[in-house]
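This report refers to the structure that appears directly beneath it.
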Amino acid sequence: MKSPIRPLLRQLHPNGLVEVVHLGLHRPGLIPLWFGETDLTTPEFIRKAAIAALNEGKTFYTWARGIPEFRQAIAAFHQRTLGVAIDMERVTVPGAAMLAIVTALQCVVETGDNVVIVAPVWPNIYQAAQVAGADVRLVRLDEDWNSGRWHLDLDKLFARCDARTKAIFISSPSNPTGWTASRAEQEAILEFARRRGIAIISDEVYGTLIYDGSTHAPSFLQIADENDPVFVINSFSKPWAMTGWRIGWLTHPRDLSDTMRILSPVANTGTTTFNQYGALAALGPEGDVFRESLRARCEANRAVVQDFIARQNRVRWMAPQGAFYGYLQFDGMTDSLALAKDLVVRANVGTAPGSAFSLGDPRDDAYLRICFARDAQGLAEGLKRIESVLTA
Ligand SMILES: Cc1ncc(COP(=O)(O)O)c(C=O)c1O
């Protein structure tokens with residue numbers, strides 16, 4: 001019988017992390033290093049602001065692109081952290097960053113187009129592009145063990161773009177590698193994209209989770225003109241420990257602000273009203289203090305992982321410049337899903353298989369991703385458990 005369901009949907013597969021989580025989610029005492037979040041509850045001042053809004057009756061529909069005062073505060077945040085003046089007409093709050101990604105893709109992708117994505121990459125990103133109808137082309141960063149840094153080959157990236165390429169998608173600092181695009185790389189990509197009429201979707205949700213003395217990773221917002229087809233994704237989830245709130249924002253070309261008045265309502269009519277007041281509080285000075293404490297915790301935890309790796313002879317990594325993930329390479333491993341499952345069953349520790357971060361590239365099957373944003377003691381215990389399986 002003829003099916004009305006899009007054939008494309010049948011070609012999508014849950015990524016390996018879903019399988020690992022199913023296996024381990026309800027195991028007592030499991031140390032979860034698999035998801036991208038800290039074990040910290042959202043700070044009290046943020047929770048209180050949302051509760052106060054709820055108690056004041058902020059329970060109605062509101063502006064579908066986000067409450068103006070809130071969007072203004074986001075623009076001020078960009079000014080403070082990046083030193084750029086962003087008109088609040090360029091800021092839309094459709095919901096969480098994931099919805100901002102979907103919205104950006106809706107602005108550029110038509111069936112048959114392709115999107116070129118720098119990989120390894122968080123699977124929800126390439127799956128969102130697939131659902132949007134795009135042919136997804138992953139361009140993998142190269143390992144450069146001599147420099148200890150991931151390397152983006154720009155020639156390779158540009159060679160994957162053709163007349164049907166609508167967007168280059170970059171996540172920097174990257175989930176899972178922590179690779180962070182330099183200003184020079186961003187300038188070269190912007191120059192190429194302008195010349196070829198290609199959009200840039202820049203996922204900067206880890207922009208302020210950056211190490212080694214920086215306060216913000218280089219942002220496309222610092223170099224793009226207001227009407228360049230550049231879409232920048234941001235989120236409250238990571239820097240302010242608000243993953244369950246489902247709130248983030250999209251900074252888009254100025255001339256799309258009227259279009260956003262249509263796209264945001266058809267997605268979710270904006271995001272939860274009282275959450276916006278919580279997020280507004282996060283953008284104040286107390287939020288800066290929290291962000292810095294979380295960033296410092298992650299930087300200290302990165303050193304904990306580094307020490308762990310120094311003790312292993314089967315494991316290595318290229319230390320992340322930003323974000324809060326360790327992408328660990330295991331010598332001789334060819335089935336990351338099997339190892340991640342093994343670690344659940346034998347050591348009660350949750351990790352993400354490298355295979356989830358690419359579309360079948362065997363190189364990623366030598367990797368596991370861990371999130372090092374949780375308390376140092378729990379992290380150390382999780383690493384000890386991984387070690388126990390490696391040395392068994
Ligand atoms: C690179 C990247 N972008 C977007 C998101 C999603 O953020 P949100 O929770 O705001 O949807 C994540 C979450 O892990 C991520 O790693």
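We label chains A, B, ... in the order they appear in the structure tokens, count residues from 1 in each chain, and number ligands from 1 in the order shown.
Residues of stretch 332-387 of chain A that DSSP, applied to the backbone, places in strand (DSSP E or B): A:Val349, A:Gly350, A:Ala352, A:Pro353, A:Tyr367, A:Leu368, A:Arg369, A:Ile370, A:Cys371.
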Go ahead and save the residues from that selection, with C-alpha atoms, as a PDB file, in the first residue's frame.
ATOM      1  CA  VAL A 349      29.768   4.553  33.649  1.00  0.00           C
ATOM      2  CA  GLY A 350      27.990   6.258  30.749  1.00  0.00           C
ATOM      3  CA  ALA A 352      28.962   8.492  24.180  1.00  0.00           C
ATOM      4  CA  PRO A 353      30.263   6.351  21.286  1.00  0.00           C
ATOM      5  CA  TYR A 367      36.640   7.459  20.006  1.00  0.00           C
ATOM      6  CA  LEU A 368      34.378   7.894  23.023  1.00  0.00           C
ATOM      7  CA  ARG A 369      33.106  11.269  24.172  1.00  0.00           C
ATOM      8  CA  ILE A 370      32.903  12.119  27.844  1.00  0.00           C
ATOM      9  CA  CYS A 371      31.467  15.286  29.362  1.00  0.00           C
TER      10      CYS A 371
END
Inset, instruction - Write out as JSON, numbers by chain each polymer residue (protein, DNA or RNA) that has an atom no more than 10 Å from ligand 1, with only C-alpha atoms and all ligand atoms counted. - result: {"A": [35, 36, 37, 95, 96, 97, 98, 99, 100, 101, 121, 122, 123, 124, 125, 170, 171, 172, 173, 174, 175, 176, 202, 203, 204, 205, 206, 233, 234, 235, 236, 237, 238, 241, 242, 243, 244, 245, 246, 247, 248, 249, 323, 324, 325]}
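Around A:Ala380, within 12 Å and counting only C-alpha atoms, the residues found are A:Ile31, A:Leu33, A:Ala300, A:Asn301, A:Arg302, A:Ala303, A:Val304, A:Val305, A:Gln306, A:Asp307, A:Phe308, A:Ile309, A:Val349, A:Ile370, A:Cys371, A:Phe372, A:Ala373, A:Arg374, A:Asp375, A:Arg385, A:Ile386, A:Glu387, once anything fewer than 5 positions away on its own chain is removed.
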Inset, instruction - Looking only at helix (DSSP H, G or I) from DSSP on the backbone, list the matching residues of stretch 71-151 of chain A as a count of residues only. - result: 36
Inset, instruction - Name the residues in contact with A:Asp162 at a cut-off of 12 Å, using only C-alpha atoms, excluding same-chain residues fewer than 6 positions from it; report them as a VMD selection string. - result: chain A and resid 113 to 116 135 137 168 192 to 193 196 to 198
Kindly provide the residues of stretch 45-146 of chain A that approach stretch 255-279 of chain A to within 6 Å, each paired with its closest atom pair and their distance in Å to one decimal, based on only C-alpha atoms, listed by chain and increasing number, as JSON lines.
{"residue": "A:Ile46", "atom": "CA", "partner": "A:Gly278", "partner_atom": "CA", "distance": 4.8}
{"residue": "A:Ala49", "atom": "CA", "partner": "A:Gly278", "partner_atom": "CA", "distance": 4.8}
{"residue": "A:Ala50", "atom": "CA", "partner": "A:Gly278", "partner_atom": "CA", "distance": 4.3}
{"residue": "A:Ala53", "atom": "CA", "partner": "A:Phe274", "partner_atom": "CA", "distance": 5.3}
{"residue": "A:Leu54", "atom": "CA", "partner": "A:Phe274", "partner_atom": "CA", "distance": 5.7}
{"residue": "A:Lys58", "atom": "CA", "partner": "A:Phe274", "partner_atom": "CA", "distance": 5.6}
{"residue": "A:Ala64", "atom": "CA", "partner": "A:Gly270", "partner_atom": "CA", "distance": 4.2}
{"residue": "A:Arg65", "atom": "CA", "partner": "A:Gly270", "partner_atom": "CA", "distance": 5.6}
{"residue": "A:Glu89", "atom": "CA", "partner": "A:Ser257", "partner_atom": "CA", "distance": 5.9}
{"residue": "A:Pro94", "atom": "CA", "partner": "A:Gly270", "partner_atom": "CA", "distance": 4.7}
{"residue": "A:Gly95", "atom": "CA", "partner": "A:Thr271", "partner_atom": "CA", "distance": 4.6}
Could those residues be written to a file, using C-alpha atoms, as an mmCIF file, in the first residue's frame?
data_model
loop_
_atom_site.group_PDB
_atom_site.id
_atom_site.type_symbol
_atom_site.label_atom_id
_atom_site.label_comp_id
_atom_site.auth_asym_id
_atom_site.auth_seq_id
_atom_site.Cartn_x
_atom_site.Cartn_y
_atom_site.Cartn_z
ATOM 1 C CA ILE A 46 17.506 32.310 37.981
ATOM 2 C CA ALA A 49 13.134 34.980 38.779
ATOM 3 C CA ALA A 50 11.121 32.400 36.835
ATOM 4 C CA ALA A 53 7.190 35.565 36.953
ATOM 5 C CA LEU A 54 4.958 32.528 37.304
ATOM 6 C CA LYS A 58 3.203 35.539 33.410
ATOM 7 C CA ALA A 64 6.472 35.175 19.482
ATOM 8 C CA ARG A 65 10.045 36.327 18.859
ATOM 9 C CA GLU A 89 15.794 43.119 15.495
ATOM 10 C CA PRO A 94 12.159 30.562 19.088
ATOM 11 C CA GLY A 95 12.810 28.093 21.944
#
